[in-house]
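Novice: Right, I'll just put the structure down here and ask away after.
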Amino acid sequence: MPVFIPIRDPEFKSKGLPQNIAMTEKQIRDILMKADSNGDGSLSKDELKKAFKEFGSRMPCWRVSCCLRKADTNRDGKISKEEIDLVVDYVLAWIESKN
Ligand SMILES: [Ca+2]
Ligand SMILES: [Ca+2]
């Protein structure tokens, strides 16, 4: 599987983030919050996909299903506020495994 380091993504550069510093938990949380485009307080698959694209995933669909398996504890196909911590953990572990 190819590794892709999001901090080298030109998009991240243009946002002024330092190139060699991994994303912090807060940045991950901010991106997840912003991905809730319909503002219903939970993240649907499409909204998660957007977030994972922003994290630099080349396979956002695959990431989303993998992430839902771990974080969607009540199995409704969405990530609620209570489940978002698990998503943050998942993203942190994933980013760490790439660096
Ligand atoms: Ca939503
Ligand atoms: Ca859920």
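Residues in the structure tokens are numbered from 1 in each chain, the chains being A, B, ... in the order shown, and ligands are numbered from 1 in the order shown.
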Residues contacting ligand 1 - anything with an atom at most 7 Å away, using only C-alpha atoms and all ligand atoms - can you give me those as number ranges by chain?
Specialist: A: 36-44, 47
Novice: Hey, could you make a per-residue contact list for chain A against ligand 2 with 8 Å as the cut-off, showing the nearest pair of atoms and its distance in Å to one decimal, counting only C-alpha atoms and all ligand atoms, sorted by chain and number, as JSON lines?
Specialist:
```
{"residue": "A:Ala71", "atom": "CA", "partner": "ligand 2", "partner_atom_place_in_ligand_line": "1 (Ca)", "distance": 7.5}
{"residue": "A:Asp72", "atom": "CA", "partner": "ligand 2", "partner_atom_place_in_ligand_line": "1 (Ca)", "distance": 4.2}
{"residue": "A:Thr73", "atom": "CA", "partner": "ligand 2", "partner_atom_place_in_ligand_line": "1 (Ca)", "distance": 5.7}
{"residue": "A:Asn74", "atom": "CA", "partner": "ligand 2", "partner_atom_place_in_ligand_line": "1 (Ca)", "distance": 4.8}
{"residue": "A:Arg75", "atom": "CA", "partner": "ligand 2", "partner_atom_place_in_ligand_line": "1 (Ca)", "distance": 5.3}
{"residue": "A:Asp76", "atom": "CA", "partner": "ligand 2", "partner_atom_place_in_ligand_line": "1 (Ca)", "distance": 4.7}
{"residue": "A:Gly77", "atom": "CA", "partner": "ligand 2", "partner_atom_place_in_ligand_line": "1 (Ca)", "distance": 5.7}
{"residue": "A:Lys78", "atom": "CA", "partner": "ligand 2", "partner_atom_place_in_ligand_line": "1 (Ca)", "distance": 4.4}
{"residue": "A:Ile79", "atom": "CA", "partner": "ligand 2", "partner_atom_place_in_ligand_line": "1 (Ca)", "distance": 4.5}
{"residue": "A:Ser80", "atom": "CA", "partner": "ligand 2", "partner_atom_place_in_ligand_line": "1 (Ca)", "distance": 5.4}
{"residue": "A:Glu83", "atom": "CA", "partner": "ligand 2", "partner_atom_place_in_ligand_line": "1 (Ca)", "distance": 6.5}
```
Novice: Those residues with N, CA and C atoms, as a compact mmCIF listing (two decimals), in the first residue's frame please?
Specialist:
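Below you can see result-v8.txt, which holds the result:
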```txt
# COMPACT_ATOMS: atom_id res chain seq x y z
N ALA A 71 -15.26 3.13 14.88
CA ALA A 71 -15.79 4.25 15.65
C ALA A 71 -17.32 4.29 15.74
N ASP A 72 -18.00 3.68 14.79
CA ASP A 72 -19.47 3.73 14.80
C ASP A 72 -20.01 2.66 15.75
N THR A 73 -19.97 2.98 17.04
CA THR A 73 -20.27 1.94 18.02
C THR A 73 -21.74 1.52 18.05
N ASN A 74 -22.65 2.43 17.68
CA ASN A 74 -24.07 2.01 17.68
C ASN A 74 -24.54 1.55 16.29
N ARG A 75 -23.56 1.50 15.33
CA ARG A 75 -23.83 0.92 14.01
C ARG A 75 -25.00 1.57 13.25
N ASP A 76 -25.11 2.91 13.35
CA ASP A 76 -26.15 3.56 12.55
C ASP A 76 -25.58 4.16 11.26
N GLY A 77 -24.30 3.90 11.00
CA GLY A 77 -23.69 4.38 9.77
C GLY A 77 -23.25 5.83 9.82
N LYS A 78 -23.36 6.43 11.00
CA LYS A 78 -22.95 7.82 11.16
C LYS A 78 -22.09 7.96 12.39
N ILE A 79 -21.32 9.04 12.40
CA ILE A 79 -20.50 9.33 13.57
C ILE A 79 -21.15 10.48 14.35
N SER A 80 -21.56 10.16 15.56
CA SER A 80 -22.16 11.19 16.39
C SER A 80 -21.08 11.86 17.23
N GLU A 83 -19.12 9.64 19.35
CA GLU A 83 -18.23 8.70 18.67
C GLU A 83 -17.02 9.38 18.04
```
Novice: Can you work out which one of A:Lys50, A:Lys98, A:Arg63, A:Lys45 has the shortest atom-to-atom distance to Leu32 (chain A), counting only C-alpha atoms?
Specialist: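 Result for the nearest residue to Leu32 (chain A): A:Lys50.
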Novice: Just the number, please: distance in Å from CA of Cys67 (chain A) to CA of Val87 (chain A), one decimal.
Specialist: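 Interatomic distance, CA of Cys67 (chain A) to CA of Val87 (chain A): 6.6 Å.
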Novice: Within 7 Å of Ala51 (chain A), counting only C-alpha atoms, which residues show up once you throw out same-chain ones fewer than 2 positions away? Write them as a PDB file with N, CA and C atoms, in the first residue's frame, please.
Specialist:
```pdb
ATOM      1  N   ILE A  31     -11.147  19.734  11.461  1.00  0.00           N
ATOM      2  CA  ILE A  31     -11.506  19.261  10.121  1.00  0.00           C
ATOM      3  C   ILE A  31     -12.775  18.408  10.192  1.00  0.00           C
ATOM      4  N   LEU A  32     -12.859  17.567  11.220  1.00  0.00           N
ATOM      5  CA  LEU A  32     -14.046  16.717  11.361  1.00  0.00           C
ATOM      6  C   LEU A  32     -15.294  17.565  11.608  1.00  0.00           C
ATOM      7  N   ALA A  35     -16.432  19.198   8.494  1.00  0.00           N
ATOM      8  CA  ALA A  35     -16.952  18.269   7.487  1.00  0.00           C
ATOM      9  C   ALA A  35     -18.454  18.033   7.645  1.00  0.00           C
ATOM     10  N   GLU A  47     -19.709  12.868   4.467  1.00  0.00           N
ATOM     11  CA  GLU A  47     -19.020  13.921   5.211  1.00  0.00           C
ATOM     12  C   GLU A  47     -17.663  13.417   5.716  1.00  0.00           C
ATOM     13  N   LEU A  48     -17.637  12.176   6.173  1.00  0.00           N
ATOM     14  CA  LEU A  48     -16.371  11.579   6.606  1.00  0.00           C
ATOM     15  C   LEU A  48     -15.383  11.490   5.448  1.00  0.00           C
ATOM     16  N   LYS A  49     -15.916  11.162   4.286  1.00  0.00           N
ATOM     17  CA  LYS A  49     -15.065  11.020   3.107  1.00  0.00           C
ATOM     18  C   LYS A  49     -14.369  12.339   2.807  1.00  0.00           C
ATOM     19  N   LYS A  53     -10.363  13.053   2.817  1.00  0.00           N
ATOM     20  CA  LYS A  53      -9.647  13.662   1.683  1.00  0.00           C
ATOM     21  C   LYS A  53      -8.773  14.786   2.189  1.00  0.00           C
ATOM     22  N   GLU A  54      -9.319  15.532   3.130  1.00  0.00           N
ATOM     23  CA  GLU A  54      -8.560  16.651   3.678  1.00  0.00           C
ATOM     24  C   GLU A  54      -7.356  16.168   4.499  1.00  0.00           C
ATOM     25  N   PHE A  55      -7.491  14.990   5.111  1.00  0.00           N
ATOM     26  CA  PHE A  55      -6.363  14.420   5.857  1.00  0.00           C
ATOM     27  C   PHE A  55      -5.298  13.880   4.902  1.00  0.00           C
TER      28      PHE A  55
END
```
Novice: Do a neighbour search on Ala93 (chain A) at 12 Å with only C-alpha atoms, toss out local chain neighbours closer than 3 positions, and write the hits as a list in words.
Specialist: Ala22, Met23, Thr24, Glu25, Ile28, Cys67, Leu86, Val87, Val88, Asp89, Tyr90, Glu96, Ser97, Lys98 and Asn99 of chain A
Novice: Keeping only C-alpha atoms, write the selected residues to a file as a compact mmCIF listing (two decimals), in the first residue's frame.
Specialist:
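Below is the file that was written, out.txt:
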```
# COMPACT_ATOMS: atom_id res chain seq x y z
CA ALA A 22 2.13 16.08 12.09
CA MET A 23 -1.44 17.19 12.50
CA THR A 24 -2.47 17.77 16.04
CA GLU A 25 -5.56 16.34 17.64
CA ILE A 28 -8.09 16.76 13.21
CA CYS A 67 -13.05 4.03 10.42
CA LEU A 86 -12.86 7.33 18.44
CA VAL A 87 -12.49 8.83 14.96
CA VAL A 88 -9.83 11.21 16.23
CA ASP A 89 -7.99 8.24 17.78
CA TYR A 90 -8.28 6.35 14.52
CA GLU A 96 1.34 8.07 13.00
CA SER A 97 1.66 4.79 11.11
CA LYS A 98 2.50 6.77 7.98
CA ASN A 99 5.26 8.87 9.54
```
